[in-house]
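> So here's data.txt, just compact mmCIF, C-alpha atoms and all ligand atoms:
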# COMPACT_ATOMS: atom_id res chain seq x y z
CA MET A 1 112.72 86.14 95.44
CA THR A 2 113.84 85.75 99.00
CA SER A 3 116.23 88.28 100.38
CA GLY A 4 119.89 87.41 100.97
CA LYS A 5 120.75 83.86 100.08
CA GLY A 6 117.48 82.40 101.26
CA GLU A 7 115.45 79.98 99.22
CA VAL A 8 112.15 78.39 100.15
CA VAL A 9 110.63 75.72 97.93
CA LEU A 10 107.45 73.75 98.57
CA LEU A 11 106.97 70.27 97.19
CA MET A 12 103.30 69.44 96.81
CA GLY A 13 101.20 66.60 95.49
CA PRO A 14 98.93 63.77 96.63
CA PRO A 15 100.05 60.86 98.83
CA GLY A 16 102.29 58.57 96.79
CA ALA A 17 103.35 61.24 94.26
CA GLY A 18 107.02 60.78 95.25
CA LYS A 19 107.49 63.97 97.29
CA GLY A 20 109.76 62.40 99.91
CA THR A 21 112.19 60.85 97.43
CA GLN A 22 112.38 63.95 95.26
CA ALA A 23 112.67 66.18 98.32
CA ASP A 24 115.81 64.35 99.46
CA ARG A 25 117.50 64.80 96.10
CA LEU A 26 116.37 68.38 95.56
CA ALA A 27 117.45 69.45 99.02
CA ALA A 28 120.91 67.94 98.43
CA ALA A 29 121.23 69.43 94.94
CA ARG A 30 120.12 72.93 95.95
CA GLY A 31 121.78 73.08 99.35
CA LEU A 32 118.45 73.29 101.17
CA THR A 33 117.36 71.71 104.44
CA LYS A 34 114.54 69.26 103.87
CA LEU A 35 111.72 69.73 106.35
CA SER A 36 109.15 66.95 106.16
CA THR A 37 106.34 67.30 108.68
CA GLY A 38 105.44 63.63 108.09
CA ASP A 39 109.01 62.56 108.99
CA MET A 40 109.01 64.84 112.05
CA LEU A 41 105.74 63.31 113.23
CA ARG A 42 106.95 59.75 112.62
CA ASP A 43 110.03 60.59 114.67
CA HIS A 44 107.81 61.75 117.55
CA VAL A 45 105.77 58.55 117.27
CA LYS A 46 108.95 56.44 117.35
CA ARG A 47 110.25 58.29 120.41
CA GLY A 48 106.86 57.98 122.12
CA THR A 49 106.59 61.70 122.94
CA GLU A 50 103.29 63.22 124.06
CA LEU A 51 102.93 64.83 120.63
CA GLY A 52 103.71 61.48 118.99
CA VAL A 53 101.05 59.64 120.96
CA LYS A 54 98.47 62.27 119.98
CA ALA A 55 99.54 62.29 116.33
CA LYS A 56 99.68 58.50 115.82
CA ALA A 57 95.93 57.92 116.04
CA LEU A 58 95.25 60.68 113.50
CA MET A 59 98.00 59.50 111.14
CA ASP A 60 96.76 55.91 111.26
CA GLU A 61 93.32 57.18 110.35
CA GLY A 62 94.73 59.24 107.47
CA VAL A 63 93.44 62.58 108.75
CA LEU A 64 95.47 65.70 109.46
CA VAL A 65 97.20 66.57 112.72
CA PRO A 66 95.91 69.95 114.06
CA ASP A 67 97.44 73.07 112.52
CA GLU A 68 98.82 74.49 115.79
CA ILE A 69 100.91 71.36 116.43
CA ILE A 70 102.30 71.36 112.90
CA ILE A 71 102.98 75.10 112.78
CA GLY A 72 104.77 74.95 116.16
CA MET A 73 106.98 72.12 114.90
CA VAL A 74 107.89 73.94 111.69
CA LYS A 75 108.51 77.23 113.51
CA ALA A 76 110.95 75.51 115.87
CA GLU A 77 112.96 74.29 112.87
CA LEU A 78 112.86 77.53 110.87
CA ASP A 79 113.84 79.57 113.94
CA GLN A 80 117.22 77.84 113.78
CA GLN A 81 117.88 78.86 110.17
CA GLN A 82 118.89 82.34 109.10
CA PRO A 83 118.64 82.91 106.19
CA VAL A 84 115.98 80.29 105.61
CA ARG A 85 117.03 77.75 102.99
CA ALA A 86 114.35 75.10 103.13
CA LEU A 87 112.63 72.50 101.03
CA LEU A 88 109.25 71.85 102.59
CA ASP A 89 107.78 68.41 101.99
CA GLY A 90 104.17 67.77 103.01
CA PHE A 91 103.69 71.24 104.51
CA PRO A 92 101.59 73.35 104.24
CA ARG A 93 98.52 71.11 103.90
CA THR A 94 95.72 73.52 104.89
CA THR A 95 94.96 77.17 104.14
CA GLY A 96 95.62 77.91 107.84
CA GLN A 97 99.11 76.40 107.56
CA ALA A 98 99.77 78.32 104.34
CA ALA A 99 98.81 81.62 105.97
CA ALA A 100 100.93 80.82 109.04
CA LEU A 101 103.90 79.96 106.82
CA ASP A 102 103.66 83.26 104.92
CA GLU A 103 103.56 85.09 108.22
CA LEU A 104 106.49 83.15 109.68
CA LEU A 105 108.62 83.74 106.60
CA ALA A 106 107.73 87.44 106.50
CA GLY A 107 108.99 87.63 110.08
CA TYR A 108 112.37 86.36 108.88
CA GLY A 109 112.36 88.77 105.89
CA SER A 110 111.84 85.78 103.62
CA GLN A 111 109.14 84.36 101.35
CA ILE A 112 108.24 81.34 99.24
CA ASP A 113 110.12 81.21 95.95
CA ALA A 114 108.21 78.39 94.31
CA ALA A 115 105.75 75.58 94.90
CA VAL A 116 106.18 72.49 92.73
CA GLU A 117 103.25 70.11 92.29
CA LEU A 118 103.97 66.51 91.31
CA VAL A 119 101.07 65.30 89.18
CA VAL A 120 100.25 61.55 89.16
CA ASP A 121 96.90 59.94 88.38
CA GLU A 122 95.02 58.19 91.18
CA GLU A 123 95.28 54.63 89.85
CA GLU A 124 99.08 54.89 89.74
CA LEU A 125 99.11 56.46 93.23
CA VAL A 126 97.18 53.57 94.78
CA ARG A 127 99.51 51.07 93.09
CA ARG A 128 102.57 52.87 94.46
CA LEU A 129 101.18 53.22 97.98
CA LEU A 130 100.22 49.56 98.23
CA SER A 131 103.67 48.54 97.04
CA ARG A 132 105.27 50.94 99.55
CA ALA A 133 103.14 49.30 102.24
CA GLN A 134 104.79 45.97 101.47
CA GLN A 135 108.30 47.43 101.36
CA GLU A 136 108.27 49.91 104.25
CA GLY A 137 105.36 48.69 106.37
CA ARG A 138 104.03 52.19 107.05
CA SER A 139 100.91 51.77 109.16
CA ASP A 140 98.98 54.39 107.14
CA ASP A 141 99.57 52.66 103.78
CA ASN A 142 96.54 50.35 103.92
CA GLU A 143 93.66 50.61 101.47
CA GLU A 144 91.14 52.27 103.78
CA THR A 145 93.58 54.87 105.10
CA ILE A 146 94.83 55.57 101.59
CA ARG A 147 91.26 56.39 100.52
CA THR A 148 90.89 58.78 103.46
CA ARG A 149 94.24 60.42 102.70
CA PHE A 150 93.17 61.08 99.09
CA ARG A 151 89.90 62.63 100.28
CA VAL A 152 91.74 64.80 102.80
CA TYR A 153 94.17 65.86 100.08
CA ARG A 154 91.35 66.78 97.70
CA ASP A 155 89.32 68.65 100.33
CA GLN A 156 91.97 70.36 102.42
CA THR A 157 95.26 70.48 100.53
CA ALA A 158 94.44 70.71 96.80
CA PRO A 159 92.84 74.18 97.27
CA LEU A 160 96.33 75.43 98.17
CA LEU A 161 97.43 74.79 94.60
CA ASP A 162 95.17 77.68 93.54
CA TYR A 163 96.52 79.82 96.36
CA TYR A 164 100.06 79.48 94.97
CA ARG A 165 98.95 79.54 91.33
CA GLU A 166 97.20 82.88 91.87
CA ARG A 167 100.42 84.24 93.34
CA GLY A 168 102.41 83.07 90.30
CA LYS A 169 104.40 80.59 92.39
CA LEU A 170 103.09 77.23 91.18
CA ALA A 171 104.79 74.92 88.72
CA SER A 172 103.07 71.59 87.96
CA VAL A 173 105.20 68.76 86.62
CA SER A 174 104.43 65.14 85.82
CA GLY A 175 105.54 62.82 88.61
CA VAL A 176 105.43 59.77 86.32
CA GLY A 177 108.70 58.33 85.05
CA SER A 178 112.06 57.40 86.51
CA LEU A 179 113.44 59.15 89.57
CA ASP A 180 115.96 60.95 87.34
CA GLU A 181 113.35 62.07 84.82
CA VAL A 182 111.11 63.55 87.48
CA PHE A 183 114.09 65.16 89.21
CA GLU A 184 115.18 66.85 85.96
CA ARG A 185 111.65 68.17 85.38
CA VAL A 186 111.46 69.64 88.86
CA GLN A 187 114.90 71.25 88.61
CA HIS A 188 113.98 72.70 85.22
CA ALA A 189 110.72 74.10 86.61
CA LEU A 190 112.55 75.69 89.53
CA ASP A 191 115.16 77.26 87.27
CA GLN A 192 112.37 78.77 85.15
CA GLU A 193 110.70 80.14 88.30
CA ARG A 194 113.88 81.82 89.48
CA ARG A 195 114.41 83.78 86.25
P1 LIG B 201 103.21 62.29 104.94
O1 LIG B 201 104.41 61.50 105.33
O2 LIG B 201 103.56 63.70 104.52
O3 LIG B 201 102.35 61.60 103.93
O4 LIG B 201 102.31 62.47 106.26
C1 LIG B 201 101.78 61.34 106.94
C2 LIG B 201 100.67 61.79 107.89
O5 LIG B 201 101.20 62.73 108.85
C3 LIG B 201 99.51 62.53 107.24
O6 LIG B 201 98.53 61.64 106.74
C4 LIG B 201 98.98 63.37 108.40
O7 LIG B 201 98.23 62.58 109.31
C5 LIG B 201 100.28 63.77 109.12
N1 LIG B 201 100.83 65.04 108.57
C6 LIG B 201 102.02 65.21 107.91
N2 LIG B 201 102.21 66.48 107.57
C7 LIG B 201 101.12 67.16 108.02
C8 LIG B 201 100.69 68.52 107.94
N3 LIG B 201 101.45 69.46 107.33
N4 LIG B 201 99.51 68.85 108.51
C9 LIG B 201 98.75 67.93 109.14
N5 LIG B 201 99.06 66.64 109.22
C10 LIG B 201 100.24 66.25 108.67
For the file at hand, write its structure as structure tokens.


Amino acid sequence: MTSGKGEVVLLMGPPGAGKGTQADRLAAARGLTKLSTGDMLRDHVKRGTELGVKAKALMDEGVLVPDEIIIGMVKAELDQQQPVRALLDGFPRTTGQAAALDELLAGYGSQIDAAVELVVDEEELVRRLLSRAQQEGRSDDNEETIRTRFRVYRDQTAPLLDYYRERGKLASVSGVGSLDEVFERVQHALDQERR
């Protein structure tokens, strides 16, 4: 449990699992601030900042942006929140980011309450990402980049599931079904975790 009225929840899962959509709803329902590192990076790209220019090439390739950039961005946001009430979407993605997050939160007298993994099989993920490509036109939703993003997820991010599982923080729920169904499952999992 976090001290005071803090709450820190991580939403994890492969590209296309529905993290962004669920994160919006969960943040609203639980009174948390949604922090999506992907959204923050896309905002930098749109504004043409130095960070955005650097990040765009990596994002288009489907590989990760260096840890120090990401950690600096998240720290700047968390520094403004006391107590920390955050729903983290797409962060942490490496063991280095996970360790940095633990350290940052400890510095605020806070800690992670729960990590929720959305589980969706790969065939369904590819279908969703290609359909999102048509609807939203995200430049990293093409077939080659999608393949790279899955590989990066498997190699660099999936090991974090064990990190949180070993600490008794991980809840895995199926990400297949309607928005409402998945939302209910996640809320239920979080309520179990908080007991
Ligand atoms: P997302 O919207 O979370 O799927 O992120 C889109 C892209 O932004 C990823 O493929 C990465 O290139 C970059 N990105 C987002 N979050 C992170 C992170 N925590 N660490 C490194 N790169 C990230």

> Give the residue list for ligand LIG 201 (chain B) at 10 Å, counting all atoms listed in the file, as a PyMOL selection string, sorted by chain and then by residue number.

chain A and resi 12-20+36-42+55-71+73-74+88-94+96-98+138-141+145-146+148-150+152-153+156-157

> Could you work out how far CA of Asp155 (chain A) lies from CA of Val176 (chain A), giving the answer in Å with one decimal?

23.1 Å

> For Val182 (chain A), find every residue with an atom within 12 Å (counting all atoms listed in the file), except residues of its own chain fewer than 3 positions away, and show them as a ChimeraX atom specification.

/A:17-19,21-23,25-26,116-120,172-179,185-189

> Please, which residues are within 12 Å of (103.6, 81.1, 92.6) by the file's coordinates, counting all atoms listed in the file, and could they come as number ranges by chain?

A: 1, 8-10, 111-117, 160-172, 189-190, 192-194

> Measuring atom to atom with only C-alpha atoms, identify which of A:Arg128, A:His44, A:Arg85, A:Lys54 is nearest to Leu32 (chain A).

A:Arg85

> How many Å separate CA of Glu181 (chain A) from CA of Arg127 (chain A)?

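If I compute the distance from CA of Glu181 (chain A) to CA of Arg127 (chain A), I get 19.5 Å.
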
> What separation in Å, quoted to one decimal, exists between CA of Gln135 (chain A) and CA of Asp24 (chain A)?

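Atom-to-atom, CA of Gln135 (chain A) and CA of Asp24 (chain A) are spaced 18.6 Å apart.
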
> In terms of the shortest atom-to-atom distance over all atoms listed in the file, which of A:Glu184, A:Glu122, A:Gly48, A:Leu78 is closest to Arg151 (chain A)?

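For Arg151 (chain A), the nearest of the given residues is A:Glu122.
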